[in-house]
$ cat upload.cif   # mmCIF, C-alpha atoms and all ligand atoms
data_final
#
loop_
_atom_site.label_atom_id
_atom_site.label_comp_id
_atom_site.auth_asym_id
_atom_site.auth_seq_id
_atom_site.Cartn_x
_atom_site.Cartn_y
_atom_site.Cartn_z
CA MET A 25 -3.84 -19.21 -2.51
CA LYS A 26 -4.09 -17.92 -6.05
CA LEU A 27 -0.41 -18.66 -6.67
CA ILE A 28 -0.71 -22.13 -5.17
CA LYS A 29 -3.72 -22.86 -7.40
CA GLU A 30 -1.88 -21.59 -10.47
CA LYS A 31 1.28 -23.51 -9.53
CA LYS A 32 3.47 -20.41 -9.44
CA SER A 33 6.51 -20.26 -7.17
CA PHE A 34 6.44 -17.59 -4.48
CA ILE A 35 7.61 -16.62 -1.03
CA VAL A 36 5.78 -14.42 1.51
CA ILE A 37 7.63 -11.83 3.55
CA ASP A 38 5.61 -10.48 6.47
CA HIS A 39 6.67 -9.14 9.82
CA HIS A 40 3.20 -9.46 11.32
CA PHE A 41 3.55 -6.12 12.98
CA HIS A 42 -0.07 -5.14 12.68
CA ASN A 43 -2.58 -6.36 10.25
CA ALA A 44 -6.13 -5.25 9.82
CA SER A 45 -7.20 -8.64 8.47
CA SER A 46 -6.47 -10.51 11.72
CA ILE A 47 -8.75 -8.36 13.84
CA ALA A 48 -11.46 -7.71 11.23
CA GLY A 49 -14.89 -9.19 11.74
CA GLY A 50 -14.53 -10.90 8.37
CA ILE A 51 -18.17 -10.12 7.72
CA PHE A 52 -19.22 -10.40 4.11
CA ASN A 53 -22.37 -8.54 3.27
CA PRO A 54 -23.38 -7.28 -0.18
CA VAL A 55 -25.64 -4.51 1.09
CA VAL A 56 -24.69 -1.07 2.44
CA LEU A 57 -26.69 -1.05 5.65
CA LYS A 58 -26.92 2.71 5.97
CA ARG A 59 -28.64 3.39 2.66
CA PHE A 60 -29.82 -0.11 1.67
CA SER A 61 -27.89 -0.04 -1.57
CA ILE A 62 -25.86 -2.72 -3.29
CA VAL A 63 -22.08 -2.92 -2.88
CA TRP A 64 -19.91 -2.46 -5.99
CA ASN A 65 -19.78 -5.77 -7.98
CA ALA A 66 -21.42 -7.60 -5.07
CA SER A 67 -22.67 -10.79 -6.68
CA LYS A 68 -19.38 -11.50 -8.45
CA GLN A 69 -17.51 -10.88 -5.21
CA ILE A 70 -19.72 -13.15 -3.09
CA GLU A 71 -19.48 -15.97 -5.60
CA ARG A 72 -15.69 -15.77 -5.79
CA LEU A 73 -15.31 -15.35 -2.02
CA LYS A 74 -17.07 -18.69 -1.44
CA GLU A 75 -14.81 -20.47 -3.93
CA VAL A 76 -11.58 -19.01 -2.57
CA PHE A 77 -12.30 -19.58 1.10
CA THR A 78 -13.48 -23.12 0.30
CA ASP A 79 -10.03 -23.63 -1.24
CA PHE A 80 -8.52 -22.55 2.08
CA GLU A 81 -10.81 -24.95 3.96
CA ASN A 82 -9.75 -27.80 1.71
CA LEU A 83 -6.06 -26.98 1.96
CA LEU A 84 -5.97 -26.49 5.72
CA HIS A 85 -8.76 -28.96 6.68
CA LYS A 86 -10.60 -26.50 8.88
CA LYS A 87 -13.82 -24.52 8.73
CA TYR A 88 -13.53 -20.80 8.05
CA ILE A 89 -16.78 -19.93 6.28
CA TYR A 90 -19.80 -19.32 8.48
CA ASN A 91 -22.96 -18.54 6.56
CA PHE A 92 -25.54 -16.65 8.53
CA PRO A 93 -27.86 -13.70 7.88
CA VAL A 94 -27.44 -10.10 8.93
CA TYR A 95 -30.42 -8.55 10.71
CA ARG A 96 -30.53 -4.78 10.41
CA ILE A 97 -32.65 -3.26 13.19
CA PHE A 98 -34.86 -0.46 11.83
CA ASN A 99 -34.56 2.95 13.45
CA ASP A 100 -37.97 4.18 12.34
CA GLU A 101 -41.02 3.35 10.20
CA GLN A 102 -39.59 5.19 7.19
CA GLU A 103 -36.56 2.88 7.13
CA LYS A 104 -38.82 -0.14 7.24
CA LYS A 105 -40.91 1.23 4.37
CA THR A 106 -37.81 1.91 2.26
CA TRP A 107 -36.46 -1.57 3.00
CA LEU A 108 -39.69 -3.29 1.99
CA LYS A 109 -39.95 -1.27 -1.20
CA LYS A 110 -36.41 -2.22 -2.22
CA ALA A 111 -36.84 -5.86 -1.13
CA ASN A 112 -39.94 -6.14 -3.32
CA SER A 113 -38.88 -4.33 -6.43
CA HIS A 114 -35.26 -3.16 -6.63
CA PRO A 115 -33.61 -5.33 -9.31
CA ASP A 116 -30.16 -5.32 -7.65
CA LEU A 117 -31.46 -5.97 -4.15
CA ILE A 118 -34.36 -8.37 -4.59
CA ASP A 119 -32.07 -11.42 -4.14
CA TYR A 120 -30.45 -10.02 -1.02
CA LEU A 121 -33.20 -8.38 1.07
CA SER A 122 -35.86 -10.49 2.76
CA ILE A 123 -39.38 -9.13 3.21
CA ASP A 124 -39.72 -10.81 6.60
CA THR A 125 -39.20 -8.06 9.17
CA GLU A 126 -40.17 -10.02 12.29
CA GLN A 127 -37.16 -12.32 12.60
CA LEU A 128 -35.82 -10.86 15.81
CA ASN A 129 -39.18 -10.86 17.63
CA ASN A 130 -38.46 -14.21 19.32
CA PHE A 131 -35.33 -12.89 20.98
CA SER A 132 -36.37 -11.11 24.15
CA SER A 133 -32.86 -9.77 24.77
CA ILE A 134 -32.94 -7.71 21.59
CA ASP A 135 -34.81 -4.46 21.44
CA SER A 136 -36.22 -4.05 17.93
CA PRO A 137 -39.68 -2.47 18.30
CA ILE A 138 -40.01 -1.56 14.63
CA GLY A 139 -38.57 -4.83 13.35
CA SER A 140 -35.51 -5.69 11.34
CA GLY A 141 -34.52 -6.39 7.77
CA GLU A 142 -32.78 -9.64 6.92
CA VAL A 143 -29.90 -9.59 4.42
CA LEU A 144 -29.32 -12.92 2.66
CA HIS A 145 -26.11 -14.49 1.27
CA THR A 146 -24.07 -13.03 4.11
CA GLY A 147 -21.76 -14.45 6.74
CA ARG A 148 -18.34 -14.37 8.24
CA ILE A 149 -14.91 -15.63 7.35
CA ASP A 150 -12.87 -16.57 10.41
CA LEU A 151 -9.89 -14.55 9.22
CA MET A 152 -7.98 -14.63 12.47
CA ASN A 153 -7.66 -18.42 12.48
CA LEU A 154 -7.29 -18.61 8.73
CA ILE A 155 -4.32 -16.24 8.69
CA LYS A 156 -2.67 -18.04 11.60
CA ASP A 157 -3.17 -21.50 10.04
CA PHE A 158 -2.11 -20.39 6.58
CA LYS A 159 1.02 -18.79 7.95
CA ASP A 160 1.87 -22.10 9.69
CA TYR A 161 1.29 -23.91 6.39
CA LEU A 162 3.60 -21.50 4.57
CA GLN A 163 6.25 -21.80 7.26
CA ILE A 164 6.22 -25.61 7.16
CA ASN A 165 6.64 -25.43 3.39
CA ASP A 166 9.49 -22.89 3.57
CA LEU A 167 7.41 -20.24 1.88
CA PHE A 168 7.42 -17.67 4.66
CA ILE A 169 9.99 -15.21 5.93
CA LYS A 170 9.02 -13.40 9.09
CA GLU A 171 10.73 -10.05 8.82
CA GLU A 172 10.19 -6.44 7.91
CA PHE A 173 10.93 -5.88 4.24
CA ASP A 174 14.16 -3.92 4.00
CA PHE A 175 14.01 -1.65 0.96
CA ASN A 176 17.77 -1.06 1.12
CA LEU A 177 18.32 -4.67 0.09
CA LEU A 178 15.99 -4.54 -2.93
CA LYS A 179 17.77 -4.57 -6.29
CA LEU A 180 15.98 -3.86 -9.54
CA GLN A 181 17.49 -4.98 -12.85
CA ASP A 182 16.13 -5.74 -16.31
CA ASN A 183 12.53 -6.22 -15.24
CA LYS A 184 13.59 -8.52 -12.40
CA ALA A 185 13.86 -7.95 -8.68
CA SER A 186 16.22 -9.45 -6.17
CA TYR A 187 16.03 -9.28 -2.39
CA LYS A 188 18.79 -10.88 -0.35
CA ASN A 189 19.26 -14.27 -2.03
CA ILE A 190 15.80 -14.33 -3.63
CA GLU A 191 15.30 -13.56 -7.32
CA ALA A 192 11.82 -12.83 -8.59
CA ASP A 193 10.02 -11.65 -11.69
CA ARG A 194 7.79 -9.55 -9.48
CA ILE A 195 7.21 -8.35 -5.96
CA ILE A 196 3.58 -7.87 -5.00
CA PHE A 197 3.26 -5.27 -2.27
CA ALA A 198 0.16 -6.03 -0.18
CA GLU A 199 1.08 -4.05 2.93
CA GLY A 200 -2.26 -2.55 3.84
CA PHE A 201 -1.94 0.86 5.48
CA ASN A 202 1.84 0.44 5.81
CA ILE A 203 2.18 1.00 2.06
CA LEU A 204 2.61 4.65 3.00
CA ASN A 205 6.10 3.64 4.22
CA ASN A 206 6.95 1.98 0.90
CA PRO A 207 9.27 4.33 -1.04
CA TYR A 208 7.86 3.18 -4.38
CA PHE A 209 4.15 3.54 -3.62
CA LYS A 210 4.03 6.05 -0.77
CA ASN A 211 2.31 8.71 -2.86
CA LEU A 212 -0.83 6.69 -3.44
CA PRO A 213 -3.89 8.31 -1.85
CA ILE A 214 -4.39 5.73 0.90
CA ILE A 215 -6.28 7.13 3.86
CA GLY A 216 -5.96 5.26 7.12
CA VAL A 217 -9.19 4.75 9.02
CA LYS A 218 -8.56 3.36 12.47
CA GLY A 219 -11.00 0.73 13.72
CA GLU A 220 -11.42 -0.74 17.17
CA VAL A 221 -13.37 -3.89 18.01
CA LEU A 222 -14.31 -5.86 21.12
CA LYS A 223 -14.77 -9.48 21.98
CA VAL A 224 -17.53 -9.73 24.61
CA LYS A 225 -19.28 -12.42 26.62
CA THR A 226 -23.00 -12.48 27.34
CA ASN A 227 -25.49 -15.02 28.62
CA ALA A 228 -28.23 -13.67 26.34
CA ILE A 229 -29.85 -16.07 23.88
CA LEU A 230 -29.09 -14.56 20.52
CA PRO A 231 -29.73 -15.63 16.92
CA ASP A 232 -27.11 -17.37 14.83
CA ALA A 233 -26.75 -14.18 12.85
CA VAL A 234 -25.10 -10.80 12.79
CA VAL A 235 -27.34 -8.26 14.51
CA LYS A 236 -26.77 -4.70 13.30
CA GLY A 237 -28.16 -1.99 15.51
CA LYS A 238 -25.93 0.92 16.35
CA GLU A 239 -23.04 -1.59 16.21
CA PHE A 240 -22.50 -5.05 14.77
CA LEU A 241 -22.96 -7.95 17.21
CA MET A 242 -21.76 -11.22 15.74
CA PRO A 243 -21.47 -14.72 17.27
CA LEU A 244 -18.01 -16.26 17.70
CA GLU A 245 -17.42 -19.43 19.71
CA ASN A 246 -18.14 -20.21 23.42
CA ASN A 247 -20.83 -17.57 24.00
CA GLU A 248 -18.42 -14.91 22.85
CA PHE A 249 -19.40 -12.18 20.42
CA PHE A 250 -17.66 -9.70 18.18
CA VAL A 251 -18.68 -6.06 18.59
CA GLY A 252 -17.54 -3.46 16.10
CA ALA A 253 -16.39 -1.26 14.85
CA THR A 254 -15.27 2.33 15.27
CA TYR A 255 -14.19 4.56 12.36
CA ASP A 256 -11.59 7.16 13.24
CA ARG A 257 -9.69 9.24 10.68
CA ASP A 258 -8.24 11.67 13.19
CA HIS A 259 -6.24 9.37 15.48
CA VAL A 260 -4.65 6.90 13.09
CA ASN A 261 -2.64 4.56 15.33
CA TYR A 262 -2.76 1.01 16.70
CA ASP A 263 -3.66 1.80 20.32
CA ASN A 264 -6.73 0.52 22.17
CA THR A 265 -8.65 3.38 23.72
CA ILE A 266 -11.06 3.63 26.64
CA GLU A 267 -13.21 5.95 24.51
CA ALA A 268 -13.72 3.28 21.84
CA LYS A 269 -14.53 0.65 24.45
CA GLU A 270 -17.18 2.91 25.94
CA TYR A 271 -18.52 3.91 22.53
CA LEU A 272 -18.89 0.30 21.41
CA THR A 273 -20.42 -1.01 24.63
CA THR A 274 -22.88 1.90 24.74
CA GLY A 275 -23.78 1.23 21.11
CA VAL A 276 -24.52 -2.42 21.81
CA LYS A 277 -26.56 -1.63 24.89
CA GLN A 278 -28.90 0.44 22.73
CA PHE A 279 -30.37 -2.82 21.39
CA LEU A 280 -29.06 -5.60 23.66
CA LYS A 281 -30.94 -5.81 26.94
CA SER A 282 -28.46 -8.16 28.66
CA ASP A 283 -25.16 -7.47 30.38
CA ILE A 284 -21.93 -7.88 28.49
CA GLU A 285 -18.40 -8.45 29.72
CA VAL A 286 -15.55 -7.20 27.54
CA VAL A 287 -12.85 -9.88 27.23
CA GLU A 288 -10.67 -8.48 24.44
CA GLN A 289 -10.12 -5.23 22.56
CA HIS A 290 -8.17 -4.73 19.33
CA ALA A 291 -7.27 -1.85 17.05
CA SER A 292 -5.95 -1.62 13.52
CA ILE A 293 -6.04 0.59 10.44
CA ARG A 294 -8.13 0.13 7.28
CA PRO A 295 -6.38 1.08 4.03
CA THR A 296 -9.10 3.14 2.37
CA VAL A 297 -8.83 5.15 -0.86
CA VAL A 298 -10.18 8.60 -1.77
CA ASP A 299 -12.48 7.16 -4.44
CA ARG A 300 -13.42 4.06 -2.40
CA ARG A 301 -11.95 1.61 -4.88
CA PRO A 302 -8.94 -0.71 -4.50
CA ILE A 303 -5.60 0.06 -6.15
CA ILE A 304 -4.02 -2.72 -8.15
CA GLY A 305 -1.39 -2.85 -10.87
CA GLU A 306 2.21 -2.10 -11.73
CA HIS A 307 4.47 0.74 -10.70
CA PRO A 308 4.65 3.11 -13.71
CA GLU A 309 8.44 2.89 -14.01
CA PHE A 310 9.46 -0.38 -12.32
CA LYS A 311 7.06 -2.91 -13.80
CA GLN A 312 8.37 -5.68 -11.55
CA LEU A 313 6.92 -3.86 -8.52
CA VAL A 314 3.20 -4.44 -8.15
CA CYS A 315 0.59 -2.99 -5.83
CA LEU A 316 -2.37 -4.85 -4.28
CA ASN A 317 -3.96 -2.45 -1.86
CA GLY A 318 -6.90 -0.23 -0.94
CA MET A 319 -9.23 -2.99 0.28
CA GLY A 320 -10.74 -0.38 2.59
CA THR A 321 -13.61 -1.46 4.79
CA ARG A 322 -14.48 -4.58 2.80
CA GLY A 323 -11.37 -6.63 2.18
CA THR A 324 -13.08 -9.97 2.77
CA MET A 325 -15.31 -9.61 -0.27
CA LEU A 326 -12.99 -7.55 -2.41
CA ALA A 327 -9.67 -9.36 -2.14
CA PRO A 328 -10.55 -12.61 -3.97
CA VAL A 329 -11.82 -10.78 -7.07
CA MET A 330 -9.03 -8.21 -7.01
CA VAL A 331 -6.41 -10.96 -6.79
CA ASP A 332 -7.99 -12.63 -9.86
CA ASP A 333 -7.95 -9.34 -11.75
CA LEU A 334 -4.34 -8.70 -10.84
CA TYR A 335 -3.28 -12.23 -11.78
CA ASN A 336 -5.07 -12.07 -15.13
CA PHE A 337 -3.39 -8.77 -15.86
CA LEU A 338 0.11 -9.94 -14.93
CA GLU A 339 -0.01 -13.42 -16.43
CA LEU A 340 -2.62 -13.23 -19.18
CA ASN A 341 -2.31 -9.58 -20.17
CA GLU A 342 -5.98 -8.90 -19.52
CA PRO A 343 -7.07 -5.38 -18.55
CA ILE A 344 -7.66 -4.51 -14.90
CA ASP A 345 -11.11 -3.27 -13.94
CA LYS A 346 -10.80 0.47 -14.73
CA GLU A 347 -12.16 1.52 -11.36
CA ALA A 348 -9.45 -0.44 -9.49
CA ASP A 349 -6.56 0.19 -11.88
CA ILE A 350 -3.52 1.93 -10.39
CA THR A 351 -3.06 3.89 -13.64
CA ARG A 352 -5.73 6.32 -12.42
CA PHE A 353 -3.11 7.57 -9.94
CA TYR A 354 -0.04 7.54 -12.22
CA ASN A 355 0.09 11.33 -12.09
CA ARG A 356 1.15 11.04 -8.43
CA PHE A 357 4.42 9.20 -9.15
C1 LIG B 1 -11.66 -2.94 13.12
C2 LIG B 1 -11.80 -3.42 11.70
C3 LIG B 1 -12.88 -4.21 11.36
C4 LIG B 1 -13.03 -4.65 10.04
N1 LIG B 1 -14.07 -5.47 9.74
C5 LIG B 1 -14.20 -5.94 8.48
C6 LIG B 1 -15.22 -6.85 8.14
O1 LIG B 1 -16.01 -7.28 8.99
N2 LIG B 1 -15.31 -7.26 6.85
C7 LIG B 1 -14.44 -6.85 5.88
O2 LIG B 1 -14.55 -7.26 4.73
N3 LIG B 1 -13.44 -5.99 6.18
C8 LIG B 1 -13.30 -5.53 7.44
N4 LIG B 1 -12.28 -4.67 7.74
C9 LIG B 1 -11.43 -4.20 6.65
C10 LIG B 1 -10.34 -5.24 6.35
O3 LIG B 1 -9.73 -5.58 7.55
C11 LIG B 1 -9.33 -4.68 5.35
O4 LIG B 1 -9.99 -4.38 4.15
C12 LIG B 1 -8.24 -5.72 5.05
O5 LIG B 1 -7.84 -6.34 6.23
C13 LIG B 1 -7.04 -5.12 4.37
O6 LIG B 1 -6.15 -6.19 4.12
P1 LIG B 1 -4.66 -5.96 3.66
O7 LIG B 1 -4.08 -7.31 3.46
O8 LIG B 1 -4.60 -4.98 2.56
O9 LIG B 1 -3.93 -5.27 4.91
P2 LIG B 1 -3.50 -5.90 6.29
O10 LIG B 1 -4.48 -6.93 6.75
O11 LIG B 1 -3.24 -4.76 7.21
O12 LIG B 1 -2.17 -6.71 5.99
C14 LIG B 1 -0.97 -6.08 5.65
C15 LIG B 1 0.16 -7.04 5.95
O13 LIG B 1 1.37 -6.51 5.42
C16 LIG B 1 2.39 -6.68 6.39
N5 LIG B 1 3.39 -5.63 6.16
C17 LIG B 1 3.18 -4.31 5.96
N6 LIG B 1 4.33 -3.67 5.72
C18 LIG B 1 5.29 -4.60 5.76
C19 LIG B 1 6.72 -4.58 5.59
N7 LIG B 1 7.37 -3.44 5.30
N8 LIG B 1 7.43 -5.73 5.71
C20 LIG B 1 6.79 -6.90 5.97
N9 LIG B 1 5.43 -6.99 6.13
C21 LIG B 1 4.72 -5.86 6.04
C22 LIG B 1 1.70 -6.56 7.74
O14 LIG B 1 2.47 -7.20 8.74
C23 LIG B 1 0.37 -7.26 7.45
O15 LIG B 1 0.46 -8.63 7.73
C24 LIG B 1 -12.09 -4.25 9.06
C25 LIG B 1 -11.00 -3.48 9.42
C26 LIG B 1 -10.83 -3.07 10.73
C27 LIG B 1 -9.63 -2.26 11.12
#
$ encode --input "upload.cif" --output "structure tokens" --more "lines below"
Ligand SMILES: Cc1cc2nc3c(=O)[nH]c(=O)nc-3n(C[C@H](O)[C@H](O)[C@H](O)COP(=O)(O)OP(=O)(O)OC[C@H]3O[C@@H](n4cnc5c(N)ncnc54)[C@H](O)[C@@H]3O)c2cc1C
Amino acid sequence: MKLIKEKKSFIVIDHHFHNASSIAGGIFNPVVLKRFSIVWNASKQIERLKEVFTDFENLLHKKYIYNFPVYRIFNDEQEKKTWLKKANSHPDLIDYLSIDTEQLNNFSSIDSPIGSGEVLHTGRIDLMNLIKDFKDYLQINDLFIKEEFDFNLLKLQDNKASYKNIEADRIIFAEGFNILNNPYFKNLPIIGVKGEVLKVKTNAILPDAVVKGKEFLMPLENNEFFVGATYDRDHVNYDNTIEAKEYLTTGVKQFLKSDIEVVEQHASIRPTVVDRRPIIGEHPEFKQLVCLNGMGTRGTMLAPVMVDDLYNFLELNEPIDKEADITRFYNRF
């Protein structure tokens, strides 16, 4: 989208083997719900996210942005006290935390005896449909090659790159976890964190909001809901497991008093980084090879701003945000 907006020529190569983005909840939420702290650069990210995904809506003539609150069910009175204190006086959080803790009381199917905190300026991007529709758009416009990138066919000369019959000033590698199979960037400290999610059906009357108890429960279409997600660093693969299904359904049942029927299960791998920041910038030796990775657990919010940073660096020579700059890992090449 950035390249379309800036009128730059490009072509996307993607084999659609596995991608985290297509199964992600697409939830955008500026608050860390464990500690009630603000996410890195949250307000800038939320603002840019709305602009970028509106651009997708305008280009593809479909709705992808769903604005709704996140209700965080309190586990105990202390959590509620902490929440209210931060909602009333914490300068970074005051705009994002509501002081109304009774919002879920009208929903008899949700068990929230101590109440819940409402996070504002949150919602969901329908990434699954967006990626599918955007891929169709790229294919119709001859901008998409569906194949696995073959590194044997990559030729690097005089700050240019060629691949088969394509010549380019740069190749941007945005391969998610699979970057560890990229011979040029495989030494970056990407840590795969497997995540599994469910699509469930229930007849319960639920709010038009994400409910966060032990798990996230988020409305989709047709009385279907997203439930997620697991975090597994020990079994990093793309397989659905019975254990995750049980873990997620048990987690939901801790606060949802109605029956659920599991209709789908998906697994993928988050590309996280040791210092929890993205990795963007040029290869130290081959400047025409560029990395856009490390979106971790929050790609929906992070990617629009990181793409801007990367573009401004490559085209306008502006510095990359130090915390996301690949140069911090140059000693690994
Ligand atoms: C279960 C789960 C739930 C999540 N929920 C959320 C959420 O609610 N909100 C949020 O913000 N984030 C969420 N995330 C995190 C988010 O999904 C990631 O931050 C984001 O998807 C990473 O995007 P990416 O483009 O870097 O990688 P990916 O989405 O994995 O995309 C990489 C792409 O590169 C392609 N590729 C890789 N190697 C090659 C190759 N050699 N040749 C051709 N193509 C290749 C793949 O086919 C794929 O299309 C979740 C993640 C998981 C796993």
$ closest_residue --input "upload.cif" --among "A:Thr321, A:Thr296, A:Ser133, A:Gln181" --to "ligand LIG 1 (chain B)" --atoms "all atoms listed in the file"
A:Thr321
$ residues_around --input "upload.cif" --residues "Glu75 in chain A" --least-positions-apart "6" --cutoff "12 Å" --atoms "all atoms listed in the file" --output "NGL selection string"
:A and (25-26 or 29 or 68-69 or 81-82 or 89 or 325 or 328-329 or 332)
$ closest_residue --input "upload.cif" --among "A:Ile155, A:Val56, A:Val276, A:Leu180" --to "ligand LIG 1 (chain B)" --atoms "all atoms listed in the file"
A:Ile155
$ atom_distance --input "upload.cif" --atom1 "CA of Asp283 in chain A" --atom2 "CA of Ile134 in chain A"
11.7 Å
$ closest_atom_pairs --input "upload.cif" --of "range 112-216 of chain A" --to "range 256-272 of chain A" --cutoff "12 Å" --atoms "all atoms listed in the file" --output "tab-separated table"
residue	atom	partner	partner_atom	distance
A:Phe201	CA	A:Val260	CA	10.1
A:Asn202	CA	A:Asn261	CA	11.3
A:Ile214	CA	A:Arg257	CA	11.7
A:Ile215	CA	A:Arg257	CA	7.9
A:Gly216	CA	A:Val260	CA	6.3
$ atom_distance --input "upload.cif" --atom1 "CA of Pro302 in chain A" --atom2 "CA of Leu178 in chain A"
25.3 Å
$ axis_aligned_box --input "upload.cif" --around "range 227-242 of chain A" --padding-each-side "5 Å" --output "AutoDock Vina command-line options"
--center_x -25.8 --center_y -8.2 --center_z 20.7 --size_x 18.1 --size_y 28.3 --size_z 25.8
$ atom_distance --input "upload.cif" --atom1 "CA of Lys210 in chain A" --atom2 "CA of Leu177 in chain A"
17.9 Å
$ closest_residue --input "upload.cif" --among "A:Gly49, A:Pro343, A:Gly275, A:Gly139" --to "ligand LIG 1 (chain B)" --atoms "only C-alpha atoms and all ligand atoms"
A:Gly49
$ closest_residue --input "upload.cif" --among "A:Leu212, A:Tyr255, A:Leu244, A:Gly237" --to "Tyr354 in chain A" --atoms "all atoms listed in the file"
A:Leu212
$ closest_residue --input "upload.cif" --among "A:Ala66, A:Ser46, A:Pro137, A:Gly320" --to "Lys218 in chain A" --atoms "only C-alpha atoms"
A:Gly320
